[in-house]
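Below is the file coords_12.txt, which contains compact mmCIF, C-alpha atoms.
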```
# COMPACT_ATOMS: atom_id res chain seq x y z
CA MET D 74 41.67 33.27 -25.76
CA ASN D 75 41.19 32.42 -22.07
CA ARG D 76 37.66 33.80 -22.17
CA ILE D 77 36.77 31.64 -25.16
CA THR D 78 38.21 28.53 -23.46
CA VAL D 79 36.31 29.27 -20.24
CA LEU D 80 33.11 29.96 -22.19
CA ALA D 81 33.49 26.73 -24.21
CA LEU D 82 34.10 24.75 -21.01
CA PHE D 83 31.02 26.31 -19.42
CA VAL D 84 28.84 25.39 -22.44
CA VAL D 85 30.11 21.78 -22.45
CA LEU D 86 29.49 21.34 -18.70
CA ALA D 87 26.06 22.96 -18.89
CA ALA D 88 25.04 20.69 -21.76
CA ALA D 89 26.25 17.59 -19.88
CA GLY D 90 24.25 18.62 -16.83
CA CYS D 91 21.08 18.91 -18.93
CA ARG D 92 21.28 15.40 -20.36
CA LYS D 93 17.96 13.56 -20.09
CA ASN D 94 17.75 10.34 -18.08
CA ASP D 95 18.13 7.55 -20.64
CA ASN D 96 16.90 4.95 -18.13
CA PRO D 97 13.23 5.68 -17.33
CA ALA D 98 13.09 2.79 -14.84
CA ASP D 99 15.83 4.45 -12.77
CA SER D 100 14.28 5.51 -9.48
CA SER D 101 17.31 7.37 -8.19
CA GLN D 102 15.26 10.56 -8.49
CA THR D 103 11.86 9.02 -7.65
CA THR D 104 10.28 10.02 -4.36
CA PHE D 105 8.13 7.61 -2.39
CA SER D 106 5.42 8.56 0.10
CA ALA D 107 6.11 5.49 2.22
CA THR D 108 8.67 2.71 2.42
CA GLY D 109 8.93 -0.21 4.76
CA THR D 110 9.49 -3.86 5.48
CA PHE D 111 6.68 -6.17 6.52
CA SER D 112 6.63 -9.74 7.84
CA THR D 113 3.47 -11.83 7.68
CA GLY D 114 2.23 -14.48 10.04
CA ASN D 115 2.55 -18.04 8.78
CA VAL D 116 0.80 -18.00 5.40
CA LYS D 117 0.81 -21.81 5.40
CA ASN D 118 -1.80 -21.61 8.18
CA SER D 119 -3.70 -18.44 7.25
CA PRO D 120 -3.59 -16.11 4.21
CA ALA D 121 -2.24 -12.59 4.76
CA TYR D 122 -4.39 -9.91 3.08
CA PHE D 123 -2.15 -6.86 2.78
CA SER D 124 -3.12 -3.23 2.15
CA PHE D 125 -0.34 -0.89 1.02
CA ASP D 126 -2.48 2.06 2.19
CA LYS D 127 -2.64 0.67 5.73
CA LYS D 128 0.87 -0.81 5.52
CA ASP D 129 -0.52 -3.83 7.32
CA THR D 130 -2.68 -6.90 6.93
CA THR D 131 -6.43 -6.51 6.95
CA ALA D 132 -9.52 -8.71 6.98
CA PRO D 133 -10.48 -10.22 3.62
CA THR D 134 -13.76 -8.26 3.82
CA GLN D 135 -11.83 -4.95 3.98
CA THR D 136 -9.96 -3.24 1.12
CA TRP D 137 -6.71 -5.08 0.40
CA ASP D 138 -4.24 -5.16 -2.49
CA ILE D 139 -2.44 -8.51 -2.39
CA VAL D 140 -2.97 -11.77 -0.57
CA LEU D 141 0.02 -13.88 0.36
CA THR D 142 -1.10 -17.48 0.66
CA ASN D 143 -0.11 -20.96 -0.49
CA THR D 144 -1.13 -23.88 -2.65
CA LEU D 145 -0.13 -27.53 -2.62
CA MET D 146 2.45 -28.00 -5.33
CA SER D 147 4.83 -30.73 -6.37
CA VAL D 148 8.25 -29.12 -6.80
CA ASP D 149 10.27 -32.35 -6.81
CA PRO D 150 8.91 -35.79 -7.75
CA SER D 151 11.00 -37.41 -5.00
CA ILE D 152 9.17 -35.57 -2.17
CA PRO D 153 5.48 -35.09 -1.35
CA PRO D 154 3.75 -31.87 -2.48
CA ILE D 155 4.57 -28.83 -0.35
CA LYS D 156 2.60 -25.73 0.56
CA TYR D 157 4.11 -23.34 -1.98
CA PRO D 158 3.70 -19.56 -1.62
CA VAL D 159 1.36 -17.69 -3.94
CA ILE D 160 0.73 -13.96 -4.40
CA GLN D 161 -2.66 -12.90 -5.75
CA PHE D 162 -4.09 -9.48 -6.59
CA ASN D 163 -7.47 -8.25 -5.39
CA ARG D 164 -9.39 -8.67 -8.66
CA SER D 165 -12.60 -7.11 -7.29
CA SER D 166 -10.64 -3.87 -6.64
CA ASN D 167 -8.91 -3.99 -10.05
CA VAL D 168 -5.43 -4.33 -8.54
CA SER D 169 -2.93 -4.95 -11.32
CA GLY D 170 0.78 -5.54 -11.52
CA ALA D 171 3.83 -6.96 -13.21
CA ILE D 172 6.97 -8.93 -12.48
CA VAL D 173 10.17 -6.92 -13.01
CA ASP D 174 13.21 -9.10 -13.62
CA GLY D 175 16.85 -8.17 -14.01
CA LYS D 176 16.79 -4.78 -12.27
CA GLU D 177 18.12 -3.80 -8.87
CA TYR D 178 15.18 -3.01 -6.57
CA ASP D 179 16.52 0.45 -5.69
CA THR D 180 16.66 1.44 -9.36
CA ILE D 181 13.03 0.62 -10.21
CA ASP D 182 10.64 3.51 -10.80
CA PRO D 183 7.13 1.97 -10.66
CA SER D 184 5.70 4.64 -12.99
CA ALA D 185 8.10 3.52 -15.74
CA VAL D 186 6.86 -0.10 -15.66
CA THR D 187 4.27 -0.75 -18.35
CA GLY D 188 2.00 -3.67 -19.12
CA LEU D 189 0.39 -4.04 -15.69
CA LYS D 190 -2.16 -6.87 -15.72
CA THR D 191 -4.85 -8.14 -13.38
CA ASP D 192 -5.17 -11.75 -12.28
CA THR D 193 -7.58 -13.48 -14.66
CA ASN D 194 -8.95 -15.98 -12.13
CA ASP D 195 -7.74 -18.07 -9.19
CA THR D 196 -5.37 -20.10 -11.36
CA THR D 197 -4.19 -17.57 -13.97
CA LEU D 198 -2.17 -15.15 -11.86
CA VAL D 199 0.29 -12.39 -12.75
CA ILE D 200 2.70 -13.30 -9.91
CA GLY D 201 1.22 -16.52 -8.54
CA THR D 202 3.94 -19.03 -7.64
CA ASN D 203 6.61 -17.01 -9.49
CA CYS D 204 7.45 -15.22 -6.26
CA LEU D 205 10.09 -17.56 -4.78
CA ASN D 206 12.67 -19.97 -6.14
CA TYR D 207 12.79 -23.59 -4.94
CA ASP D 208 16.27 -25.07 -4.43
CA GLY D 209 16.10 -28.83 -5.01
CA THR D 210 19.38 -29.39 -3.15
CA THR D 211 18.53 -27.57 0.09
CA HIS D 212 14.73 -27.90 -0.28
CA ARG D 213 14.41 -24.22 0.68
CA LEU D 214 12.65 -21.30 -0.95
CA SER D 215 14.44 -18.02 -1.55
CA PRO D 216 13.77 -14.81 -3.50
CA PHE D 217 14.82 -14.76 -7.14
CA PRO D 218 17.83 -12.49 -7.64
CA ASN D 219 16.79 -9.08 -9.01
CA ARG D 220 13.07 -9.95 -9.15
CA SER D 221 10.66 -7.31 -7.93
CA PHE D 222 7.00 -6.61 -8.43
CA VAL D 223 5.09 -3.45 -9.32
CA VAL D 224 1.45 -3.08 -8.30
CA ARG D 225 -1.25 -0.51 -8.99
CA THR D 226 -3.26 -0.65 -5.76
CA ALA D 227 -6.99 -0.51 -5.04
CA SER D 228 -6.51 3.22 -4.34
CA ASN D 229 -4.65 3.66 -7.67
CA LYS D 230 -1.19 4.14 -6.12
CA LEU D 231 1.91 2.60 -7.64
CA VAL D 232 4.00 0.35 -5.41
CA LYS D 233 7.13 -1.67 -5.89
CA PHE D 234 7.94 -4.57 -3.61
CA ARG D 235 10.37 -7.44 -3.35
CA LEU D 236 10.42 -10.56 -1.27
CA VAL D 237 13.21 -10.78 1.28
CA SER D 238 12.60 -14.12 2.97
CA TYR D 239 10.17 -17.02 3.42
CA TYR D 240 11.44 -17.92 6.89
CA ASN D 241 11.13 -16.29 10.31
CA THR D 242 14.15 -15.67 12.55
CA ALA D 243 13.84 -19.22 13.95
CA GLY D 244 14.05 -20.64 10.41
CA VAL D 245 10.40 -21.74 10.25
CA SER D 246 8.93 -21.55 6.73
CA GLY D 247 5.77 -19.68 5.77
CA TYR D 248 6.65 -16.26 7.18
CA ILE D 249 7.02 -13.95 4.20
CA THR D 250 9.06 -10.77 4.64
CA PHE D 251 9.00 -8.12 1.93
CA ASP D 252 10.23 -4.58 1.29
CA TYR D 253 7.88 -2.07 -0.33
CA ALA D 254 7.85 1.51 -1.55
CA VAL D 255 4.63 3.43 -2.27
CA LYS D 256 4.89 6.18 -4.86
```
Please re-express this file's structure in structure tokens.
Amino acid sequence: MNRITVLALFVVLAAAGCRKNDNPADSSQTTFSATGTFSTGNVKNSPAYFSFDKKDTTAPTQTWDIVLTNTLMSVDPSIPPIKYPVIQFNRSSNVSGAIVDGKEYDTIDPSAVTGLKTDTNDTTLVIGTNCLNYDGTTHRLSPFPNRSFVVRTASNKLVKFRLVSYYNTAGVSGYITFDYAVK
């Protein structure tokens, strides 16, 4: 009887250990070739063309994946238009991506995100101005909670990234900091 109980317990535990992952977007077992945090210069003065391969900004004439820039936008009728941050994909290199809402950054597996799209033109953008949230009370921009982005780069790599801040350590706006992970 003890052998049967031990055997039954072994079978139950082995079956539980073989359960498939029911959450394909769970990156707890995803490996990344590179991870990091990057801070741009002031994008209100000069766009930042970023290459995930180089893990740095590059000249607009070089290969880049995203450009972090700004546009004049009225966010509150009681104040003049502000330079609002914008993220664009490199259309000429077929960079595509998607917004991922409602998931913790650490749990996102970029290969499980479907429906990646390219920017259509300079005004129809996948991310565009949907990168930061404007607070009408404090008049500050901050990342949306649990909003990340997945990008298929110019070199066909999958990357996830999230915005961390729009301000430098002195509190000056226009300095975008983001975390990224290249698969």
Between D:Val245, D:Tyr239, D:Asp129, D:Thr108, single out the one closest to Tyr207 of chain D, counting all atoms listed in the file.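 Among the listed residues, the smallest separation from Tyr207 of chain D belongs to D:Tyr239.
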Within 10 Å of (0.5, -3.5, -18.3) in the file's own coordinates, which protein, DNA or RNA residues have an atom, counting all atoms listed in the file? List them as number ranges by chain. D: 169-171, 186-191, 225
Distance in Å - atom CA of Thr202 of chain D versus atom CA of Thr136 of chain D: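 Between atom CA of Thr202 of chain D and atom CA of Thr136 of chain D the gap is 22.8 Å.
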Choose the residue, out of D:Trp137, D:Tyr122, D:Tyr253, D:Phe217, that has the smallest atom-to-atom separation from Cys204 of chain D; count all atoms listed in the file.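 So, comparing all the options, the nearest one is D:Phe217.
You can rank D:Lys233, D:Lys117, D:Lys176, D:Arg220 by their closest distance to Leu141 of chain D using all atoms listed in the file, and at the top of that list sits D:Lys117.
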Nearest-residue call for Ala254 of chain D, choices D:Phe123, D:Phe234, D:Tyr240, D:Phe222, using all atoms listed in the file: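 Counting all atoms listed in the file, the residue closest to Ala254 of chain D is D:Phe234.
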Could you check the closest approach to Asn219 of chain D for each of D:Arg164, D:Lys156, D:Arg235, D:Lys127 and tell me which residue wins, using all atoms listed in the file?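 So, comparing all the options, the nearest one is D:Arg235.
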Using only C-alpha atoms, the residue out of D:Gly109, D:Pro158, D:Pro153, D:Pro133 with shortest distance to Ser246 of chain D is D:Pro158
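The protein and nucleic acid residues lying at most 12 Å from Thr197 of chain D are Val159, Ile160, Gln161, Phe162, Arg164, Lys190, Thr191, Asp192, Thr193, Asn194, Ile200, Gly201, Thr202 and Asn203 of chain D, with all atoms listed in the file considered and sequence neighbours fewer than 3 positions away removed.
Excluding Pro120 of chain D itself and same-chain residues fewer than 2 positions from it, the residues having an atom within 9 Å of it are Thr113, Gly114, Asn115, Val116, Lys117, Asn118, Tyr122, Val140, Leu141, Thr142 and Asn143 of chain D, counting all atoms listed in the file.
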What does the structure give for the distance between atom CA of Ser119 of chain D and atom CA of Leu214 of chain D, in Å to one decimal?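 Result for atom CA of Ser119 of chain D versus atom CA of Leu214 of chain D: 18.5 Å, one decimal.
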